[in-house]
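Peer 1: Structure file target06.cif (mmCIF, C-alpha atoms and all ligand atoms) is given on the next line.
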```
data_upload
#
loop_
_atom_site.label_atom_id
_atom_site.label_comp_id
_atom_site.auth_asym_id
_atom_site.auth_seq_id
_atom_site.Cartn_x
_atom_site.Cartn_y
_atom_site.Cartn_z
CA MET A 1 224.58 194.29 7.91
CA ILE A 2 224.24 190.68 6.89
CA SER A 3 223.72 187.49 8.91
CA ALA A 4 226.29 184.76 8.33
CA ASP A 5 226.56 181.23 9.73
CA LEU A 6 230.27 180.54 9.43
CA HIS A 7 230.46 176.80 10.18
CA LEU A 8 228.12 174.20 8.72
CA HIS A 9 228.15 170.64 7.34
CA THR A 10 226.26 168.95 4.50
CA CYS A 11 225.90 165.34 3.41
CA HIS A 12 229.37 165.71 1.89
CA SER A 13 230.56 165.16 5.48
CA TYR A 14 230.63 161.57 6.79
CA ASP A 15 228.57 162.57 9.84
CA SER A 16 225.83 164.70 8.27
CA ALA A 17 222.81 163.81 6.14
CA THR A 18 221.75 167.38 5.25
CA SER A 19 221.17 167.72 1.50
CA LEU A 20 222.22 170.92 -0.25
CA LYS A 21 218.55 171.77 -0.84
CA ASP A 22 217.93 171.46 2.91
CA VAL A 23 220.85 173.81 3.59
CA VAL A 24 219.19 176.42 1.36
CA ARG A 25 215.81 175.89 3.05
CA GLY A 26 217.39 175.99 6.52
CA CYS A 27 219.20 179.25 5.75
CA ARG A 28 216.01 180.88 4.41
CA ARG A 29 214.05 179.79 7.47
CA ALA A 30 216.72 181.10 9.86
CA GLY A 31 217.31 184.38 7.97
CA ILE A 32 220.90 183.52 7.06
CA ASP A 33 222.19 185.59 4.12
CA CYS A 34 225.56 183.92 3.73
CA VAL A 35 226.84 180.51 4.79
CA ALA A 36 230.34 179.07 5.11
CA VAL A 37 230.05 175.42 4.06
CA THR A 38 232.81 173.62 5.95
CA ASP A 39 232.55 169.88 5.31
CA HIS A 40 235.17 167.56 6.75
CA ASN A 41 238.18 167.41 4.40
CA THR A 42 236.29 168.26 1.20
CA ILE A 43 235.05 171.35 -0.62
CA ALA A 44 232.92 169.41 -3.15
CA GLY A 45 229.55 170.24 -1.54
CA ALA A 46 230.52 173.88 -0.95
CA LEU A 47 231.49 174.34 -4.61
CA ARG A 48 228.30 172.67 -5.80
CA LEU A 49 226.10 174.82 -3.56
CA ARG A 50 227.94 178.01 -4.55
CA ASP A 51 227.56 177.20 -8.24
CA SER A 52 223.82 176.59 -7.82
CA ASP A 53 223.44 180.33 -7.05
CA GLU A 54 220.68 179.51 -4.55
CA ILE A 55 222.46 181.12 -1.62
CA ARG A 56 225.63 183.05 -0.99
CA VAL A 57 228.36 180.57 -0.04
CA ILE A 58 231.87 180.93 1.37
CA VAL A 59 233.72 177.83 0.22
CA GLY A 60 235.31 176.28 3.28
CA GLU A 61 236.62 173.04 4.71
CA GLU A 62 237.04 171.65 8.22
CA ILE A 63 240.57 170.34 7.87
CA SER A 64 241.81 167.43 10.00
CA THR A 65 245.40 168.31 10.89
CA VAL A 66 247.80 166.34 13.07
CA GLU A 67 247.07 168.65 16.01
CA GLY A 68 243.31 169.08 15.54
CA GLU A 69 240.64 170.64 13.33
CA LEU A 70 240.99 173.96 11.53
CA LEU A 71 238.52 175.81 9.32
CA GLY A 72 239.81 177.07 6.00
CA LEU A 73 237.56 179.71 4.36
CA PHE A 74 237.62 181.27 0.86
CA LEU A 75 239.21 178.16 -0.62
CA THR A 76 239.60 177.34 -4.29
CA GLN A 77 241.39 174.00 -3.76
CA PRO A 78 240.83 171.37 -1.07
CA ILE A 79 243.47 171.01 1.65
CA PRO A 80 244.55 167.40 2.22
CA ARG A 81 243.94 165.92 5.65
CA GLY A 82 246.73 164.73 7.92
CA LEU A 83 249.25 167.54 7.48
CA SER A 84 250.64 169.55 10.37
CA ALA A 85 248.58 172.58 11.38
CA VAL A 86 251.30 174.98 10.22
CA ALA A 87 251.58 173.29 6.79
CA SER A 88 247.77 173.37 6.41
CA ILE A 89 247.60 177.05 7.38
CA ASP A 90 250.33 177.88 4.86
CA LEU A 91 248.42 176.05 2.09
CA VAL A 92 245.23 177.97 2.88
CA HIS A 93 247.05 181.30 2.88
CA ALA A 94 248.88 180.42 -0.36
CA GLN A 95 245.50 180.29 -2.15
CA GLY A 96 244.30 183.54 -0.58
CA GLY A 97 242.12 181.87 2.05
CA LEU A 98 241.68 182.50 5.77
CA VAL A 99 242.08 180.18 8.76
CA CYS A 100 239.90 179.94 11.86
CA ILE A 101 240.29 177.72 14.92
CA PRO A 102 236.82 176.21 15.52
CA HIS A 103 235.61 175.36 19.04
CA PRO A 104 239.08 176.31 20.33
CA LEU A 105 238.49 175.08 23.86
CA GLY A 106 236.74 171.91 22.80
CA ARG A 107 233.61 170.33 24.16
CA LYS A 108 234.61 170.04 27.82
CA PRO A 109 233.93 172.71 30.45
CA PHE A 110 236.69 175.34 30.56
CA SER A 111 236.39 178.07 33.16
CA PRO A 112 237.35 181.62 32.11
CA GLU A 113 238.79 181.99 35.64
CA VAL A 114 241.82 179.75 35.00
CA ASP A 115 245.21 181.12 33.98
CA MET A 116 245.05 181.50 30.21
CA GLY A 117 248.53 182.91 29.67
CA ASP A 118 249.66 186.44 28.89
CA THR A 119 251.09 188.73 26.27
CA ARG A 120 254.85 189.13 25.87
CA ASP A 121 256.38 191.56 23.36
CA GLY A 122 252.96 191.96 21.75
CA ARG A 123 252.52 188.19 21.24
CA TYR A 124 250.14 185.99 23.14
CA VAL A 125 251.79 183.14 25.03
CA PRO A 126 249.19 180.52 26.01
CA SER A 127 249.26 178.84 29.41
CA GLU A 128 249.77 175.10 29.72
CA ARG A 129 246.07 174.72 30.59
CA VAL A 130 245.13 176.30 27.27
CA THR A 131 247.52 174.20 25.18
CA SER A 132 246.50 171.02 26.96
CA ALA A 133 242.81 171.76 26.17
CA ASN A 134 243.65 171.93 22.45
CA ARG A 135 247.01 171.03 20.89
CA LEU A 136 246.40 173.68 18.22
CA LEU A 137 246.65 176.46 20.81
CA THR A 138 250.39 177.01 20.61
CA GLU A 139 252.09 180.36 20.18
CA GLU A 140 253.16 179.33 16.68
CA VAL A 141 249.71 178.30 15.41
CA ILE A 142 247.86 181.17 17.08
CA GLY A 143 250.37 183.58 15.56
CA ARG A 144 249.41 182.33 12.08
CA VAL A 145 245.62 182.01 12.16
CA ASP A 146 243.24 184.81 11.16
CA MET A 147 240.30 184.37 13.55
CA LEU A 148 238.83 182.37 16.41
CA GLU A 149 235.37 180.82 16.64
CA VAL A 150 233.99 182.00 19.99
CA ILE A 151 230.46 180.66 19.62
CA ASN A 152 229.83 177.14 18.36
CA ALA A 153 226.24 176.01 18.90
CA ARG A 154 227.33 172.40 19.40
CA THR A 155 229.55 173.09 22.41
CA PRO A 156 227.51 171.89 25.38
CA PHE A 157 228.99 174.16 28.08
CA ALA A 158 228.29 177.89 28.29
CA ASN A 159 231.58 178.63 30.06
CA THR A 160 233.63 177.52 27.01
CA TRP A 161 232.06 180.41 25.06
CA ALA A 162 233.14 182.95 27.69
CA SER A 163 236.61 181.38 27.82
CA ALA A 164 236.93 181.37 24.02
CA ARG A 165 236.01 185.06 23.97
CA ARG A 166 238.68 185.78 26.56
CA LEU A 167 241.17 183.78 24.51
CA ALA A 168 240.32 185.82 21.37
CA GLU A 169 240.88 189.04 23.34
CA LEU A 170 244.28 187.82 24.54
CA CYS A 171 245.20 186.78 20.98
CA ARG A 172 243.71 189.97 19.52
CA LEU A 173 242.00 187.92 16.83
CA PRO A 174 238.61 188.65 15.24
CA LEU A 175 235.69 186.58 16.49
CA THR A 176 233.49 184.24 14.47
CA ALA A 177 230.41 182.15 15.26
CA GLY A 178 228.83 179.17 13.57
CA SER A 179 226.15 176.60 14.18
CA ASP A 180 228.41 173.67 13.22
CA ALA A 181 225.06 172.32 11.98
CA HIS A 182 225.06 168.68 10.98
CA THR A 183 221.24 168.71 10.61
CA ALA A 184 219.04 171.28 8.85
CA GLY A 185 217.26 172.29 12.07
CA GLU A 186 220.51 173.53 13.61
CA ILE A 187 221.30 176.01 10.82
CA GLY A 188 221.59 179.59 12.09
CA ARG A 189 221.69 178.66 15.78
CA ALA A 190 224.94 180.64 15.93
CA ARG A 191 225.80 183.47 13.56
CA VAL A 192 227.56 186.78 13.12
CA GLN A 193 225.88 190.04 12.17
CA MET A 194 228.50 191.78 10.09
CA PRO A 195 229.00 194.50 7.50
CA ASP A 196 228.87 193.18 3.95
CA PHE A 197 232.09 192.12 2.18
CA THR A 198 233.28 191.12 -1.27
CA ASP A 199 236.31 188.88 -0.72
CA ALA A 200 238.57 187.36 1.95
CA ARG A 201 240.32 190.64 2.72
CA THR A 202 237.15 192.70 3.12
CA PHE A 203 235.57 189.82 5.08
CA LEU A 204 238.40 189.97 7.61
CA ASN A 205 238.01 193.75 7.92
CA ALA A 206 234.23 193.41 8.32
CA LEU A 207 234.71 190.86 11.10
CA ARG A 208 236.26 193.60 13.27
CA ASP A 209 232.74 195.10 13.45
CA ALA A 210 230.89 191.79 13.68
CA ARG A 211 228.54 190.76 16.44
CA PRO A 212 228.58 187.02 17.18
CA SER A 213 225.52 185.48 18.82
CA GLY A 214 224.01 182.08 19.33
CA ALA A 215 222.11 179.55 21.35
CA ARG A 216 223.34 176.11 22.24
CA SER A 217 221.83 173.23 20.32
CA SER A 218 220.32 170.34 22.26
CA VAL A 219 222.77 167.56 23.12
CA LEU A 220 220.45 165.32 21.09
CA VAL A 221 222.00 166.71 17.88
CA HIS A 222 225.02 164.51 18.55
CA PHE A 223 222.78 161.46 18.24
CA ALA A 224 221.68 162.76 14.83
CA SER A 225 225.36 162.84 13.75
CA MET A 226 225.88 159.32 15.05
CA TYR A 227 222.78 158.16 13.16
CA ALA A 228 224.01 159.88 9.98
CA LYS A 229 227.33 158.02 10.28
CA LEU A 230 225.65 154.65 10.78
CA GLY A 231 222.95 155.11 8.18
CA ARG A 232 224.94 156.62 5.32
CA ARG A 233 223.01 156.34 2.12
CA GLY A 234 224.97 158.68 -0.13
CA CYS A 235 224.32 162.35 -0.61
CA SER A 236 221.17 163.56 -2.34
CA GLU A 237 221.61 167.05 -3.76
ZN ZN A 301 232.30 171.23 12.20
#
```
Translate the structure described by the file into structure tokens.
Peer 2:
Amino acid sequence: MISADLHLHTCHSYDSATSLKDVVRGCRRAGIDCVAVTDHNTIAGALRLRDSDEIRVIVGEEISTVEGELLGLFLTQPIPRGLSAVASIDLVHAQGGLVCIPHPLGRKPFSPEVDMGDTRDGRYVPSERVTSANRLLTEEVIGRVDMLEVINARTPFANTWASARRLAELCRLPLTAGSDAHTAGEIGRARVQMPDFTDARTFLNALRDARPSGARSSVLVHFASMYAKLGRRGCSE
């Protein structure tokens, strides 16, 4: 089994100041064997870190689509921002990548007790409450994505984790977890323990036997992101 943090930002994101060296140090400290680097709308930092051979990297991107943010993993080319979710998903799949919906129920409380929809003819049909919590959660988008992030260390409310897990069960999608670290100290705060893999296809298979876990980061981490935005001084490698 390996430990993987499947959602993390570096100084190649506008709201993070973490250098690539600090990502490597943070992963070693936290016992992370493999990291998905998912900067906002760029894969430049992920490619650079992968090519340094310092740590095992899944090249990813947090893609800003019209309806909300998606994670593309196993990318070879960046996905442009501002496209529809469906068009973005198709571009990721066309290059052999995988798509995850990060923090699917957002950063507000969402009780697992509310009506979350049901399954008709083997397809999940989300309730209005679910779609209004995140515009990405439509039948069409859910039917196309490969996995759902059920633990994101930056979500402040515990009940969104339980609700996201319930959502993944209804959708019958594999579960992922990630720290969404924007600072080095957050790295590894959420992770999956999973069987080893060699490529996107075997990764997806391995996720079926993965165990996501995590602890919520302090709300103070959001101030660190704000500070990184205000104090941008370029990206030291
Ligand atoms: Zn993120």
Peer 1: To one decimal place in Å, what is the distance between atom CA of Val66 of chain A and atom CA of Leu175 of chain A?
Peer 2: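 Calculated distance between atom CA of Val66 of chain A and atom CA of Leu175 of chain A is 23.8 Å.
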Peer 1: Which is closer to ligand ZN 301 (chain A) than all the others in A:Leu70, A:Ile55, A:Cys171, A:Val35, using only C-alpha atoms and all ligand atoms?
Peer 2: A:Leu70
Peer 1: Enter the distance from atom CA of Ile43 of chain A to atom CA of Leu173 of chain A, in Å, rounded to one decimal.
Peer 2: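 Between atom CA of Ile43 of chain A and atom CA of Leu173 of chain A the gap works out to 25.0 Å.
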Peer 1: Around the point (222.3, 169.5, 9.7) (coordinates from the file), which residues reach within 12 Å if we count all atoms listed in the file? Answer as a ChimeraX atom specification.
Peer 2: /A:7-27,37-39,153-154,179-189,217,221-225,227-228
Peer 1: Kindly provide, as a PyMOL selection string, the polymer residues lying within 12 Å of (226.7, 183.9, -1.0), counting all atoms listed in the file and using the coordinates exactly as they appear in the file.
Peer 2: chain A and resi 2-6+24+27+32-37+46-47+49-59+74+196-199
Peer 1: Export, as a PDB file, in the frame of the given file, the selected residues with C-alpha atoms.
Peer 2:
```pdb
ATOM      1  CA  ILE A   2     224.240 190.680   6.890  1.00  0.00           C
ATOM      2  CA  SER A   3     223.720 187.490   8.910  1.00  0.00           C
ATOM      3  CA  ALA A   4     226.290 184.760   8.330  1.00  0.00           C
ATOM      4  CA  ASP A   5     226.560 181.230   9.730  1.00  0.00           C
ATOM      5  CA  LEU A   6     230.270 180.540   9.430  1.00  0.00           C
ATOM      6  CA  VAL A  24     219.190 176.420   1.360  1.00  0.00           C
ATOM      7  CA  CYS A  27     219.200 179.250   5.750  1.00  0.00           C
ATOM      8  CA  ILE A  32     220.900 183.520   7.060  1.00  0.00           C
ATOM      9  CA  ASP A  33     222.190 185.590   4.120  1.00  0.00           C
ATOM     10  CA  CYS A  34     225.560 183.920   3.730  1.00  0.00           C
ATOM     11  CA  VAL A  35     226.840 180.510   4.790  1.00  0.00           C
ATOM     12  CA  ALA A  36     230.340 179.070   5.110  1.00  0.00           C
ATOM     13  CA  VAL A  37     230.050 175.420   4.060  1.00  0.00           C
ATOM     14  CA  ALA A  46     230.520 173.880  -0.950  1.00  0.00           C
ATOM     15  CA  LEU A  47     231.490 174.340  -4.610  1.00  0.00           C
ATOM     16  CA  LEU A  49     226.100 174.820  -3.560  1.00  0.00           C
ATOM     17  CA  ARG A  50     227.940 178.010  -4.550  1.00  0.00           C
ATOM     18  CA  ASP A  51     227.560 177.200  -8.240  1.00  0.00           C
ATOM     19  CA  SER A  52     223.820 176.590  -7.820  1.00  0.00           C
ATOM     20  CA  ASP A  53     223.440 180.330  -7.050  1.00  0.00           C
ATOM     21  CA  GLU A  54     220.680 179.510  -4.550  1.00  0.00           C
ATOM     22  CA  ILE A  55     222.460 181.120  -1.620  1.00  0.00           C
ATOM     23  CA  ARG A  56     225.630 183.050  -0.990  1.00  0.00           C
ATOM     24  CA  VAL A  57     228.360 180.570  -0.040  1.00  0.00           C
ATOM     25  CA  ILE A  58     231.870 180.930   1.370  1.00  0.00           C
ATOM     26  CA  VAL A  59     233.720 177.830   0.220  1.00  0.00           C
ATOM     27  CA  PHE A  74     237.620 181.270   0.860  1.00  0.00           C
ATOM     28  CA  ASP A 196     228.870 193.180   3.950  1.00  0.00           C
ATOM     29  CA  PHE A 197     232.090 192.120   2.180  1.00  0.00           C
ATOM     30  CA  THR A 198     233.280 191.120  -1.270  1.00  0.00           C
ATOM     31  CA  ASP A 199     236.310 188.880  -0.720  1.00  0.00           C
TER      32      ASP A 199
END
```
Peer 1: What are the closest atom pairs, with distances in Å to one decimal, for each residue of segment 129-227 of chain A lying within 9 Å of segment 84-102 of chain A, using all atoms listed in the file, rows by chain and rising residue number, as JSON lines?
Peer 2:
```
{"residue": "A:Leu136", "atom": "CA", "partner": "A:Ala85", "partner_atom": "CA", "distance": 7.3}
{"residue": "A:Leu137", "atom": "CA", "partner": "A:Ile101", "partner_atom": "CA", "distance": 8.8}
{"residue": "A:Glu140", "atom": "CA", "partner": "A:Val86", "partner_atom": "CA", "distance": 8.0}
{"residue": "A:Val141", "atom": "CA", "partner": "A:Val86", "partner_atom": "CA", "distance": 6.4}
{"residue": "A:Ile142", "atom": "CA", "partner": "A:Ile101", "partner_atom": "CA", "distance": 8.6}
{"residue": "A:Arg144", "atom": "CA", "partner": "A:Ile89", "partner_atom": "CA", "distance": 7.3}
{"residue": "A:Val145", "atom": "CA", "partner": "A:Val99", "partner_atom": "CA", "distance": 5.2}
{"residue": "A:Asp146", "atom": "CA", "partner": "A:Val99", "partner_atom": "CA", "distance": 5.3}
{"residue": "A:Met147", "atom": "CA", "partner": "A:Cys100", "partner_atom": "CA", "distance": 4.8}
{"residue": "A:Leu148", "atom": "CA", "partner": "A:Ile101", "partner_atom": "CA", "distance": 5.1}
{"residue": "A:Glu149", "atom": "CA", "partner": "A:Pro102", "partner_atom": "CA", "distance": 5.0}
{"residue": "A:Val150", "atom": "CA", "partner": "A:Pro102", "partner_atom": "CA", "distance": 7.8}
{"residue": "A:Ile151", "atom": "CA", "partner": "A:Pro102", "partner_atom": "CA", "distance": 8.8}
{"residue": "A:Asn152", "atom": "CA", "partner": "A:Pro102", "partner_atom": "CA", "distance": 7.6}
{"residue": "A:Thr176", "atom": "CA", "partner": "A:Cys100", "partner_atom": "CA", "distance": 8.1}
{"residue": "A:Ala177", "atom": "CA", "partner": "A:Pro102", "partner_atom": "CA", "distance": 8.7}
{"residue": "A:Gly178", "atom": "CA", "partner": "A:Pro102", "partner_atom": "CA", "distance": 8.7}
{"residue": "A:Ala200", "atom": "CA", "partner": "A:Gly97", "partner_atom": "CA", "distance": 6.5}
{"residue": "A:Arg201", "atom": "CA", "partner": "A:Gly96", "partner_atom": "CA", "distance": 8.8}
{"residue": "A:Leu204", "atom": "CA", "partner": "A:Leu98", "partner_atom": "CA", "distance": 8.4}
```
Peer 1: Just the number, please: distance in Å from atom CA of Phe110 of chain A to atom CA of Gln193 of chain A, one decimal.
Peer 2: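 About the pair atom CA of Phe110 of chain A and atom CA of Gln193 of chain A: they are 25.9 Å apart.
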Peer 1: Quick one: segment 152-170 of chain A with N, CA, C and O atoms, as a PDB file, in the coordinates of the input?
Peer 2:
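What ended up in rebuild.pdb:
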```pdb
ATOM      1  N   ASN A 152     230.122 178.331  19.167  1.00  0.00           N
ATOM      2  CA  ASN A 152     229.830 177.140  18.360  1.00  0.00           C
ATOM      3  C   ASN A 152     228.609 176.505  19.031  1.00  0.00           C
ATOM      4  O   ASN A 152     228.671 176.132  20.197  1.00  0.00           O
ATOM      5  N   ALA A 153     227.507 176.422  18.279  1.00  0.00           N
ATOM      6  CA  ALA A 153     226.240 176.010  18.900  1.00  0.00           C
ATOM      7  C   ALA A 153     226.278 174.573  19.407  1.00  0.00           C
ATOM      8  O   ALA A 153     225.427 174.176  20.193  1.00  0.00           O
ATOM      9  N   ARG A 154     227.260 173.800  18.957  1.00  0.00           N
ATOM     10  CA  ARG A 154     227.330 172.400  19.400  1.00  0.00           C
ATOM     11  C   ARG A 154     228.175 172.203  20.653  1.00  0.00           C
ATOM     12  O   ARG A 154     228.304 171.079  21.128  1.00  0.00           O
ATOM     13  N   THR A 155     228.791 173.258  21.162  1.00  0.00           N
ATOM     14  CA  THR A 155     229.550 173.090  22.410  1.00  0.00           C
ATOM     15  C   THR A 155     228.558 173.087  23.573  1.00  0.00           C
ATOM     16  O   THR A 155     227.784 174.028  23.718  1.00  0.00           O
ATOM     17  N   PRO A 156     228.570 172.037  24.372  1.00  0.00           N
ATOM     18  CA  PRO A 156     227.510 171.890  25.380  1.00  0.00           C
ATOM     19  C   PRO A 156     227.647 172.795  26.602  1.00  0.00           C
ATOM     20  O   PRO A 156     226.682 172.953  27.328  1.00  0.00           O
ATOM     21  N   PHE A 157     228.807 173.402  26.838  1.00  0.00           N
ATOM     22  CA  PHE A 157     228.990 174.160  28.080  1.00  0.00           C
ATOM     23  C   PHE A 157     229.142 175.652  27.833  1.00  0.00           C
ATOM     24  O   PHE A 157     229.998 176.070  27.057  1.00  0.00           O
ATOM     25  N   ALA A 158     228.294 176.442  28.504  1.00  0.00           N
ATOM     26  CA  ALA A 158     228.290 177.890  28.290  1.00  0.00           C
ATOM     27  C   ALA A 158     229.640 178.500  28.638  1.00  0.00           C
ATOM     28  O   ALA A 158     230.081 179.451  27.993  1.00  0.00           O
ATOM     29  N   ASN A 159     230.344 177.951  29.634  1.00  0.00           N
ATOM     30  CA  ASN A 159     231.580 178.630  30.060  1.00  0.00           C
ATOM     31  C   ASN A 159     232.688 178.519  29.005  1.00  0.00           C
ATOM     32  O   ASN A 159     233.604 179.326  28.993  1.00  0.00           O
ATOM     33  N   THR A 160     232.605 177.550  28.073  1.00  0.00           N
ATOM     34  CA  THR A 160     233.630 177.520  27.010  1.00  0.00           C
ATOM     35  C   THR A 160     233.474 178.712  26.071  1.00  0.00           C
ATOM     36  O   THR A 160     234.443 179.175  25.496  1.00  0.00           O
ATOM     37  N   TRP A 161     232.251 179.228  25.919  1.00  0.00           N
ATOM     38  CA  TRP A 161     232.060 180.410  25.060  1.00  0.00           C
ATOM     39  C   TRP A 161     232.744 181.630  25.698  1.00  0.00           C
ATOM     40  O   TRP A 161     233.439 182.380  25.024  1.00  0.00           O
ATOM     41  N   ALA A 162     232.519 181.807  27.009  1.00  0.00           N
ATOM     42  CA  ALA A 162     233.140 182.950  27.690  1.00  0.00           C
ATOM     43  C   ALA A 162     234.660 182.814  27.654  1.00  0.00           C
ATOM     44  O   ALA A 162     235.385 183.799  27.438  1.00  0.00           O
ATOM     45  N   SER A 163     235.158 181.590  27.838  1.00  0.00           N
ATOM     46  CA  SER A 163     236.610 181.380  27.820  1.00  0.00           C
ATOM     47  C   SER A 163     237.178 181.621  26.430  1.00  0.00           C
ATOM     48  O   SER A 163     238.259 182.191  26.279  1.00  0.00           O
ATOM     49  N   ALA A 164     236.455 181.180  25.396  1.00  0.00           N
ATOM     50  CA  ALA A 164     236.930 181.370  24.020  1.00  0.00           C
ATOM     51  C   ALA A 164     236.988 182.868  23.685  1.00  0.00           C
ATOM     52  O   ALA A 164     237.901 183.338  23.005  1.00  0.00           O
ATOM     53  N   ARG A 165     236.027 183.616  24.200  1.00  0.00           N
ATOM     54  CA  ARG A 165     236.010 185.060  23.970  1.00  0.00           C
ATOM     55  C   ARG A 165     237.231 185.714  24.642  1.00  0.00           C
ATOM     56  O   ARG A 165     237.883 186.584  24.084  1.00  0.00           O
ATOM     57  N   ARG A 166     237.521 185.247  25.834  1.00  0.00           N
ATOM     58  CA  ARG A 166     238.680 185.780  26.560  1.00  0.00           C
ATOM     59  C   ARG A 166     239.970 185.445  25.796  1.00  0.00           C
ATOM     60  O   ARG A 166     240.874 186.262  25.651  1.00  0.00           O
ATOM     61  N   LEU A 167     240.012 184.218  25.293  1.00  0.00           N
ATOM     62  CA  LEU A 167     241.170 183.780  24.510  1.00  0.00           C
ATOM     63  C   LEU A 167     241.354 184.678  23.276  1.00  0.00           C
ATOM     64  O   LEU A 167     242.466 185.118  22.979  1.00  0.00           O
ATOM     65  N   ALA A 168     240.242 184.971  22.578  1.00  0.00           N
ATOM     66  CA  ALA A 168     240.320 185.820  21.370  1.00  0.00           C
ATOM     67  C   ALA A 168     240.819 187.216  21.722  1.00  0.00           C
ATOM     68  O   ALA A 168     241.584 187.824  20.969  1.00  0.00           O
ATOM     69  N   GLU A 169     240.404 187.716  22.905  1.00  0.00           N
ATOM     70  CA  GLU A 169     240.880 189.040  23.340  1.00  0.00           C
ATOM     71  C   GLU A 169     242.379 189.012  23.576  1.00  0.00           C
ATOM     72  O   GLU A 169     243.110 189.900  23.153  1.00  0.00           O
ATOM     73  N   LEU A 170     242.843 187.942  24.266  1.00  0.00           N
ATOM     74  CA  LEU A 170     244.280 187.820  24.540  1.00  0.00           C
ATOM     75  C   LEU A 170     245.073 187.707  23.237  1.00  0.00           C
ATOM     76  O   LEU A 170     246.159 188.256  23.109  1.00  0.00           O
TER      77      LEU A 170
END
```
